[in-house]
Amino acid sequence: MPSLRRGVLAVAFVAALLGLLASNAVAVVIADQPWDGTSQAVVAQVFPDNPTFSTYQFDNFATGVPYDITTLTIYGDELGDPTGNVAVTGEIWTNLPDKGGTLVMSGTGTEDASHNLDISFADQLLGPGSYFVTAYVTRPISSGQWFWYQTTPVNAPEEYFYNPGGGFGAGTSSIPASEFFGGSPADMAFTLDGDTAGAFVPEPATMTLLGLGLTGLVAKVARRRNR
Ligand SMILES: [Ca+2]
């Protein structure tokens, strides 16, 4: 049955080709702002039982090409009790929430033994553009505060402080952090990792259609040869 054998080989070739396409994703560090070892740390926390003191820090990054976002590492320290965490969250926004920004994607994670936050975005697709990133722990206010390290040099703009409940006395709008904390402008310390996306990595639906199309072509060729 030579034509049947050719058909089986062709299907195996298509499967191998699809596997090759899927494995062409390359891990990329999209933004890397490690702690500089000297800048102070600032609160980043959600208190469901006392939202007046829920506080976010936002910092920017940009990408010229699409990526599947894998992980966000947030460098910080603990002055509270991490066992009180009910959630660890990272988010990517188009702009600050009170300046017309919309939430692009969110991910969840854990606070590790070094008190960094390790957040997974599970390969959500991020298109080219300029964005803001934020991250925070969610816990009762009795568990105290978690602190996110600032860092320098600044990739403009500097980070923004946002305490919509107004408990810290900085108003309820986002403001450049140096206007609240004093001192020199700073960024937030984080690393954002992703995989290359787009041409080399068809989405699952595209992969399925491509697979069906090529399999159909193989079947047609096999039928013709059988005549
Ligand atoms: Ca910045």
# chains A, B, ... in the order shown; residues from 1 in each chain; ligands from 1
>>> residues_around(residues="Thr55 in chain A", least_positions_apart="4", cutoff="6 Å", atoms="only C-alpha atoms", output="list in words")
Ala44, Gln45, Tyr162 and Asn163 of chain A
>>> residues_around(residues="Val65 in chain A", least_positions_apart="2", cutoff="10 Å", atoms="only C-alpha atoms", output="PyMOL selection string")
chain A and resi 30+62-63+67+126-129+196-198
>>> select_by_dssp(residues="range 35-208 of chain A", states="alpha helix (DSSP H)", output="list in words")
Ala177, Ser178, Glu179, Phe180, Phe181, Pro204, Ala205, Thr206, Met207 and Thr208 of chain A
>>> residues_near_ligand(ligand="ligand 1", cutoff="6 Å", atoms="only C-alpha atoms and all ligand atoms", output="MDAnalysis selection string")
chainID A and resid 59:60 154:159 187
>>> write_last_selection(atoms="C-alpha atoms", output="CSV table (one decimal), in the first residue's frame")
chain,number,residue,atom,x,y,z
A,59,ASP,CA,5.1,52.6,36.0
A,60,ASN,CA,5.5,52.6,32.3
A,154,VAL,CA,14.1,56.9,35.4
A,155,ASN,CA,12.6,55.7,32.1
A,156,ALA,CA,10.3,58.7,31.7
A,157,PRO,CA,7.7,59.3,33.0
A,158,GLU,CA,8.5,58.6,36.7
A,159,GLU,CA,6.2,56.3,38.6
A,187,ASP,CA,10.7,54.3,38.6
>>> closest_atom_pairs(of="range 42-96 of chain A", to="range 170-175 of chain A", cutoff="12 Å", atoms="only C-alpha atoms", output="JSON lines")
{"residue": "A:Pro51", "atom": "CA", "partner": "A:Thr172", "partner_atom": "CA", "distance": 11.9}
{"residue": "A:Thr52", "atom": "CA", "partner": "A:Thr172", "partner_atom": "CA", "distance": 9.7}
{"residue": "A:Phe53", "atom": "CA", "partner": "A:Thr172", "partner_atom": "CA", "distance": 10.8}
{"residue": "A:Ser54", "atom": "CA", "partner": "A:Thr172", "partner_atom": "CA", "distance": 11.0}
{"residue": "A:Thr55", "atom": "CA", "partner": "A:Ser174", "partner_atom": "CA", "distance": 10.0}
{"residue": "A:Tyr56", "atom": "CA", "partner": "A:Ser174", "partner_atom": "CA", "distance": 8.9}
{"residue": "A:Gln57", "atom": "CA", "partner": "A:Ser174", "partner_atom": "CA", "distance": 8.8}
{"residue": "A:Phe58", "atom": "CA", "partner": "A:Ser174", "partner_atom": "CA", "distance": 8.8}
{"residue": "A:Asp59", "atom": "CA", "partner": "A:Ser174", "partner_atom": "CA", "distance": 11.5}
{"residue": "A:Asn95", "atom": "CA", "partner": "A:Ser174", "partner_atom": "CA", "distance": 10.9}
{"residue": "A:Leu96", "atom": "CA", "partner": "A:Ser174", "partner_atom": "CA", "distance": 7.3}
>>> residues_around(residues="Leu117 in chain A", least_positions_apart="6", cutoff="10 Å", atoms="only C-alpha atoms", output="count of residues only")
18
>>> closest_residue(among="A:Glu179, A:Pro153, A:Ser184, A:Asp195", to="Gly37 in chain A", atoms="only C-alpha atoms")
A:Pro153
>>> select_by_dssp(residues="range 68-219 of chain A", states="strand (DSSP E or B)", output="ChimeraX atom specification")
/A:68-74,76-78,87-93,103-111,117-126,129-138,146-151,160-162,175-176,187-188,190-196,198,201
>>> write_last_selection(atoms="C-alpha atoms", output="compact mmCIF listing (two decimals), in the first residue's frame")
# COMPACT_ATOMS: atom_id res chain seq x y z
CA ASP A 68 2.74 36.65 24.72
CA ILE A 69 3.20 37.88 28.29
CA THR A 70 4.55 35.17 30.57
CA THR A 71 5.70 36.56 33.94
CA LEU A 72 5.97 39.82 35.85
CA THR A 73 8.49 39.92 38.72
CA ILE A 74 8.00 42.73 41.22
CA GLY A 76 9.77 44.46 47.09
CA ASP A 77 9.95 43.99 50.83
CA GLU A 78 7.61 43.15 53.67
CA ALA A 87 -4.31 37.52 46.49
CA VAL A 88 -1.23 38.78 44.63
CA THR A 89 -2.13 40.62 41.43
CA GLY A 90 -0.37 42.23 38.49
CA GLU A 91 -2.06 44.36 35.84
CA ILE A 92 -1.19 46.05 32.54
CA TRP A 93 -3.09 49.25 31.65
CA LEU A 103 -7.17 47.44 31.89
CA VAL A 104 -5.50 45.33 29.19
CA MET A 105 -4.80 42.18 31.20
CA SER A 106 -4.31 40.92 34.73
CA GLY A 107 -2.44 37.99 36.24
CA THR A 108 -2.14 36.39 39.63
CA GLY A 109 0.80 35.02 41.57
CA THR A 110 2.48 34.64 44.92
CA GLU A 111 4.82 36.50 47.27
CA LEU A 117 5.85 39.13 43.78
CA ASP A 118 5.95 36.44 41.05
CA ILE A 119 2.97 36.91 38.74
CA SER A 120 1.91 34.79 35.77
CA PHE A 121 0.06 36.22 32.77
CA ALA A 122 -0.30 32.78 31.10
CA ASP A 123 0.76 33.91 27.61
CA GLN A 124 -1.88 36.62 27.18
CA LEU A 125 -1.20 38.50 23.93
CA LEU A 126 -0.05 42.13 24.24
CA GLY A 129 2.13 50.18 22.38
CA SER A 130 2.89 52.15 25.51
CA TYR A 131 1.57 50.77 28.78
CA PHE A 132 1.58 51.08 32.55
CA VAL A 133 2.14 48.16 34.90
CA THR A 134 0.92 47.88 38.49
CA ALA A 135 1.03 45.13 41.14
CA TYR A 136 -0.22 44.74 44.68
CA VAL A 137 -1.03 42.36 47.51
CA THR A 138 -4.61 41.99 48.79
CA TRP A 146 3.85 45.33 51.58
CA PHE A 147 6.41 47.63 49.94
CA TRP A 148 7.49 47.83 46.27
CA TYR A 149 11.04 49.03 45.62
CA GLN A 150 11.58 52.16 43.58
CA THR A 151 14.62 52.28 41.31
CA TYR A 160 2.77 57.43 39.72
CA PHE A 161 1.24 57.11 43.19
CA TYR A 162 -2.51 56.40 43.23
CA ILE A 175 0.18 61.94 40.94
CA PRO A 176 3.88 61.70 40.08
CA ASP A 187 10.74 54.30 38.61
CA MET A 188 9.37 51.02 40.03
CA PHE A 190 10.19 45.12 37.98
CA THR A 191 10.99 42.69 35.18
CA LEU A 192 8.44 41.77 32.51
CA ASP A 193 9.04 38.60 30.48
CA GLY A 194 7.29 37.29 27.38
CA ASP A 195 7.56 35.13 24.29
CA THR A 196 7.69 36.36 20.72
CA GLY A 198 2.61 36.74 15.79
CA VAL A 201 3.29 31.30 16.55
>>> closest_residue(among="A:Thr102, A:Thr152, A:Thr94, A:Thr83", to="His115 in chain A", atoms="only C-alpha atoms")
A:Thr83
>>> closest_residue(among="A:Val86, A:Ala177, A:Val46, A:Ala189", to="Asn116 in chain A", atoms="only C-alpha atoms")
A:Ala189
>>> closest_residue(among="A:Val43, A:Asp49, A:Ala31, A:Ala113", to="Phe168 in chain A", atoms="only C-alpha atoms")
A:Val43
